[in-house]
Every structure is written in C-alpha cells, then in structure tokens.
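Next comes protein00.pdb, a file with PDB, C-alpha atoms, pLDDT in the B column.
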```pdb
ATOM      1  CA  MET S   1     -35.413 -79.975  12.881  1.00 41.00           C
ATOM      2  CA  THR S   2     -35.251 -76.386  14.162  1.00 44.00           C
ATOM      3  CA  PRO S   3     -33.892 -73.613  11.959  1.00 47.00           C
ATOM      4  CA  ARG S   4     -30.356 -72.521  12.750  1.00 52.00           C
ATOM      5  CA  SER S   5     -30.174 -69.198  14.526  1.00 55.00           C
ATOM      6  CA  ARG S   6     -28.352 -66.279  12.976  1.00 56.00           C
ATOM      7  CA  THR S   7     -24.721 -66.221  14.087  1.00 63.00           C
ATOM      8  CA  TRP S   8     -23.467 -62.853  12.826  1.00 75.00           C
ATOM      9  CA  LEU S   9     -24.203 -59.352  14.091  1.00 78.00           C
ATOM     10  CA  SER S  10     -25.210 -56.712  11.569  1.00 77.00           C
ATOM     11  CA  PHE S  11     -23.179 -53.490  11.256  1.00 73.00           C
ATOM     12  CA  ALA S  12     -25.912 -51.563  13.044  1.00 75.00           C
ATOM     13  CA  GLU S  13     -25.909 -54.073  15.920  1.00 80.00           C
ATOM     14  CA  ALA S  14     -22.102 -53.966  16.133  1.00 78.00           C
ATOM     15  CA  PHE S  15     -22.053 -50.164  16.324  1.00 76.00           C
ATOM     16  CA  ASP S  16     -24.690 -50.183  19.069  1.00 79.00           C
ATOM     17  CA  LEU S  17     -22.711 -52.438  21.413  1.00 84.00           C
ATOM     18  CA  PRO S  18     -21.747 -51.122  24.868  1.00 86.00           C
ATOM     19  CA  LEU S  19     -18.112 -50.410  25.797  1.00 88.00           C
ATOM     20  CA  VAL S  20     -17.516 -54.045  26.783  1.00 93.00           C
ATOM     21  CA  VAL S  21     -19.382 -57.188  25.794  1.00 94.00           C
ATOM     22  CA  ASP S  22     -19.615 -60.708  27.137  1.00 95.00           C
ATOM     23  CA  LEU S  23     -17.922 -63.624  25.405  1.00 96.00           C
ATOM     24  CA  ARG S  24     -21.155 -64.911  23.875  1.00 94.00           C
ATOM     25  CA  THR S  25     -21.787 -61.559  22.135  1.00 93.00           C
ATOM     26  CA  ALA S  26     -18.171 -61.319  20.946  1.00 94.00           C
ATOM     27  CA  ALA S  27     -18.362 -64.874  19.600  1.00 95.00           C
ATOM     28  CA  GLN S  28     -21.587 -64.016  17.758  1.00 92.00           C
ATOM     29  CA  ALA S  29     -19.961 -60.940  16.203  1.00 91.00           C
ATOM     30  CA  LEU S  30     -17.047 -63.098  15.039  1.00 93.00           C
ATOM     31  CA  GLY S  31     -19.362 -65.806  13.720  1.00 91.00           C
ATOM     32  CA  LEU S  32     -18.202 -68.381  16.280  1.00 93.00           C
ATOM     33  CA  CYS S  33     -20.102 -70.602  18.631  1.00 92.00           C
ATOM     34  CA  PRO S  34     -19.288 -69.925  22.309  1.00 93.00           C
ATOM     35  CA  ALA S  35     -17.579 -73.330  22.679  1.00 95.00           C
ATOM     36  CA  THR S  36     -15.147 -72.452  19.887  1.00 95.00           C
ATOM     37  CA  ALA S  37     -14.495 -69.065  21.502  1.00 96.00           C
ATOM     38  CA  TYR S  38     -13.599 -70.793  24.797  1.00 95.00           C
ATOM     39  CA  LYS S  39     -11.286 -73.194  22.948  1.00 97.00           C
ATOM     40  CA  LEU S  40      -9.531 -70.282  21.267  1.00 96.00           C
ATOM     41  CA  ILE S  41      -9.068 -68.613  24.651  1.00 96.00           C
ATOM     42  CA  GLN S  42      -7.540 -71.790  26.110  1.00 95.00           C
ATOM     43  CA  GLN S  43      -5.186 -72.021  23.130  1.00 97.00           C
ATOM     44  CA  GLY S  44      -4.273 -68.331  23.352  1.00 95.00           C
ATOM     45  CA  GLY S  45      -5.746 -67.662  19.922  1.00 96.00           C
ATOM     46  CA  PHE S  46      -8.752 -65.455  20.636  1.00 96.00           C
ATOM     47  CA  PRO S  47      -8.398 -62.418  18.347  1.00 95.00           C
ATOM     48  CA  CYS S  48      -9.321 -59.782  20.957  1.00 94.00           C
ATOM     49  CA  ARG S  49      -7.979 -58.576  24.266  1.00 94.00           C
ATOM     50  CA  LEU S  50      -9.813 -60.283  27.135  1.00 95.00           C
ATOM     51  CA  LEU S  51     -10.740 -58.916  30.534  1.00 94.00           C
ATOM     52  CA  ARG S  52     -11.127 -61.650  33.133  1.00 93.00           C
ATOM     53  CA  LEU S  53     -13.644 -60.645  35.797  1.00 91.00           C
ATOM     54  CA  GLY S  54     -14.001 -63.489  38.254  1.00 93.00           C
ATOM     55  CA  ARG S  55     -15.141 -66.465  36.201  1.00 91.00           C
ATOM     56  CA  GLN S  56     -16.404 -64.345  33.316  1.00 94.00           C
ATOM     57  CA  TYR S  57     -14.727 -62.811  30.286  1.00 95.00           C
ATOM     58  CA  ARG S  58     -15.430 -59.344  28.961  1.00 96.00           C
ATOM     59  CA  ILE S  59     -14.165 -58.042  25.635  1.00 95.00           C
ATOM     60  CA  PRO S  60     -13.681 -54.326  24.934  1.00 94.00           C
ATOM     61  CA  THR S  61     -15.904 -53.413  21.995  1.00 91.00           C
ATOM     62  CA  ALA S  62     -13.158 -51.305  20.395  1.00 90.00           C
ATOM     63  CA  ASP S  63     -10.890 -54.387  20.293  1.00 93.00           C
ATOM     64  CA  LEU S  64     -13.712 -56.512  18.897  1.00 92.00           C
ATOM     65  CA  LEU S  65     -14.442 -54.029  16.127  1.00 89.00           C
ATOM     66  CA  ARG S  66     -10.717 -53.788  15.332  1.00 91.00           C
ATOM     67  CA  ALA S  67     -10.549 -57.591  15.048  1.00 92.00           C
ATOM     68  CA  LEU S  68     -13.419 -57.361  12.567  1.00 88.00           C
ATOM     69  CA  GLY S  69     -11.473 -54.806  10.515  1.00 88.00           C
ATOM     70  CA  ILE S  70     -13.538 -51.841  11.646  1.00 84.00           C
ATOM     71  CA  GLU S  71     -11.116 -49.152  12.787  1.00 77.00           C
ATOM     72  CA  GLU S  72     -13.501 -46.241  13.217  1.00 71.00           C
ATOM     73  CA  ARG S  73     -17.108 -45.894  14.226  1.00 66.00           C
ATOM     74  CA  PRO S  74     -19.292 -43.817  11.919  1.00 66.00           C
ATOM     75  CA  VAL S  75     -20.618 -40.478  13.088  1.00 67.00           C
ATOM     76  CA  TYR S  76     -24.288 -40.004  12.339  1.00 67.00           C
ATOM     77  CA  PRO S  77     -25.922 -36.591  11.812  1.00 74.00           C
ATOM     78  CA  ALA S  78     -28.536 -37.469  14.446  1.00 75.00           C
ATOM     79  CA  ASP S  79     -25.742 -37.957  17.011  1.00 68.00           C
ATOM     80  CA  LEU S  80     -24.236 -34.581  16.135  1.00 70.00           C
ATOM     81  CA  ARG S  81     -27.649 -32.917  16.511  1.00 78.00           C
ATOM     82  CA  ALA S  82     -28.215 -34.622  19.854  1.00 75.00           C
ATOM     83  CA  GLY S  83     -24.821 -33.397  21.071  1.00 73.00           C
ATOM     84  CA  ALA S  84     -25.554 -29.846  19.932  1.00 75.00           C
ATOM     85  CA  ASP S  85     -28.976 -29.944  21.603  1.00 78.00           C
ATOM     86  CA  PHE S  86     -27.395 -31.203  24.827  1.00 75.00           C
ATOM     87  CA  GLN S  87     -24.850 -28.380  24.777  1.00 76.00           C
ATOM     88  CA  GLU S  88     -27.608 -25.811  24.225  1.00 79.00           C
ATOM     89  CA  GLN S  89     -29.498 -27.152  27.257  1.00 79.00           C
ATOM     90  CA  ARG S  90     -26.392 -26.850  29.420  1.00 74.00           C
ATOM     91  CA  GLY S  91     -25.855 -23.238  28.432  1.00 68.00           C
ATOM     92  CA  PRO S  92     -22.674 -21.549  27.297  1.00 65.00           C
ATOM     93  CA  ALA S  93     -19.373 -22.958  28.434  1.00 61.00           C
ATOM     94  CA  THR S  94     -17.666 -20.891  31.105  1.00 60.00           C
ATOM     95  CA  GLU S  95     -13.966 -20.206  31.221  1.00 60.00           C
ATOM     96  CA  PHE S  96     -12.177 -21.240  34.372  1.00 57.00           C
ATOM     97  CA  GLU S  97      -9.653 -18.899  35.915  1.00 54.00           C
ATOM     98  CA  THR S  98      -6.201 -20.350  36.282  1.00 57.00           C
ATOM     99  CA  GLU S  99      -3.679 -19.273  38.842  1.00 59.00           C
ATOM    100  CA  ASP S 100      -0.041 -18.853  38.033  1.00 59.00           C
ATOM    101  CA  TYR S 101       1.898 -20.952  40.550  1.00 57.00           C
ATOM    102  CA  ALA S 102       5.348 -20.059  39.175  1.00 53.00           C
TER     103      ALA S 102
END
```

Starting from the file, give its structure as structure tokens.
Amino acid sequence: MTPRSRTWLSFAEAFDLPLVVDLRTAAQALGLCPATAYKLIQQGGFPCRLLRLGRQYRIPTADLLRALGIEERPVYPADLRAGADFQEQRGPATEFETEDYA
C-alpha cells in the first residue's frame, strides 16, 4: 500500500500562489480530490468563482483564499524592503505636467 499524499496546502504555499490557479491546485487547497471538485462544479456548489478557458477551469487566487476564510494577504518586511530597493533603482518619481482643458 502506498502512503496517501498530502491533500492540503500550507499557509506559505497558499500565499505564494499565482493570480489564478488550476482546478487541481484549488481542490488541493480546499482539501478535495479533483473528482469531487468537478462534481461540485456540475452541481453548482463549488465555493469559488470559476473562469472557464476552453476545456479548463481557472480559479482566481483571491476568491480561493476568501473561500478559505483568508481575507487579506500578509505583508512581509522582506517584501517592503524589496519594493523600497526597486524604487531606489528606478530613481525619484517625476511629476507629470497636466494641462487644463477647461
């Protein structure tokens, strides 16, 4: 007998997901097998908004996290530092002139 594979995503894995995920990944995050996820879709009971792209489903990660009860993503100090470093590399922001069309 083979050991059963892990079915749930960790918090760190959930927060590292791209903007949209495939149905298999969404099912894993919800602790479902893909067959159950397809059945829920057919019954209109899948807990997330679905994007149908050809024959495939995509699920927005924000909707998936909301279905899991996670309303906000955490902000990590490393991300803030990376953003500040990126801004420093770009140089100071310049103001754009606006014309008055009135």

I need the residue set behind the PyMOL selection byres ((chain S and resi 15) around 9) for this file; please write it as number ranges by chain.
S: 10-14, 16-18, 61, 65, 73-74

*Residue contacts of Arg55 of chain S (12 Å, all atoms listed in the file) excluding same-chain residues fewer than 3 positions away, as a ChimeraX atom specification*: /S:22-23,51-52,58

If you count all atoms listed in the file, which residues fall within 8 Å of Pro60 of chain S, apart from same-chain ones fewer than 4 positions away, as number ranges by chain? S: 19-21, 49-51, 64

Margin query: Set the distance at 7 Å and use only C-alpha atoms: which residues neighbour segment 44-48 of chain S once local chain neighbours fewer than 4 positions away are removed? I'd like the list as a PyMOL selection string.
Written below: chain S and resi 37+40+59+63-64+67

Save the residues we just selected, C-alpha atoms, as a PDB file, keeping the file's coordinate frame?
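Contents of the output file out_38.pdb:
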```pdb
ATOM      1  CA  ALA S  37     -14.495 -69.065  21.502  1.00 96.00           C
ATOM      2  CA  LEU S  40      -9.531 -70.282  21.267  1.00 96.00           C
ATOM      3  CA  ILE S  59     -14.165 -58.042  25.635  1.00 95.00           C
ATOM      4  CA  ASP S  63     -10.890 -54.387  20.293  1.00 93.00           C
ATOM      5  CA  LEU S  64     -13.712 -56.512  18.897  1.00 92.00           C
ATOM      6  CA  ALA S  67     -10.549 -57.591  15.048  1.00 92.00           C
TER       7      ALA S  67
END
```

Taking all atoms of segment 42-50 of chain S that appear in the file, build a box with edges along x, y and z, extend it by 4 Å on every side, and state its centre and edge lengths in Å to one decimal, as JSON.
```
{"center_x": -7.0, "center_y": -65.3, "center_z": 22.7, "size_x": 13.5, "size_y": 21.4, "size_z": 16.8}
```

Can you pull out the residues contacting Gln28 of chain S? Cut-off 10 Å, using only C-alpha atoms, and skip same-chain residues under 4 positions away; I want them as a PDB file with C-alpha atoms, in the frame of the given file.
```pdb
ATOM      1  CA  ARG S   6     -28.352 -66.279  12.976  1.00 56.00           C
ATOM      2  CA  THR S   7     -24.721 -66.221  14.087  1.00 63.00           C
ATOM      3  CA  TRP S   8     -23.467 -62.853  12.826  1.00 75.00           C
ATOM      4  CA  LEU S   9     -24.203 -59.352  14.091  1.00 78.00           C
ATOM      5  CA  LEU S  23     -17.922 -63.624  25.405  1.00 96.00           C
ATOM      6  CA  ARG S  24     -21.155 -64.911  23.875  1.00 94.00           C
ATOM      7  CA  LEU S  32     -18.202 -68.381  16.280  1.00 93.00           C
ATOM      8  CA  CYS S  33     -20.102 -70.602  18.631  1.00 92.00           C
ATOM      9  CA  PRO S  34     -19.288 -69.925  22.309  1.00 93.00           C
ATOM     10  CA  ALA S  37     -14.495 -69.065  21.502  1.00 96.00           C
TER      11      ALA S  37
END
```

Check: Could you work out how far atom CA of Gln87 of chain S lies from atom CA of Ala62 of chain S, giving the answer in Å with one decimal?
Finding: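 Between atom CA of Ala62 of chain S and atom CA of Gln87 of chain S the gap is 26.1 Å.
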
The distance between atom CA of Gly69 of chain S and atom CA of Ala82 of chain S is 27.8 Å

* Asked: atom CA of Tyr38 of chain S to atom CA of Leu68 of chain S: how many Å, to one decimal?
  ->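 It comes out at 18.2 Å.
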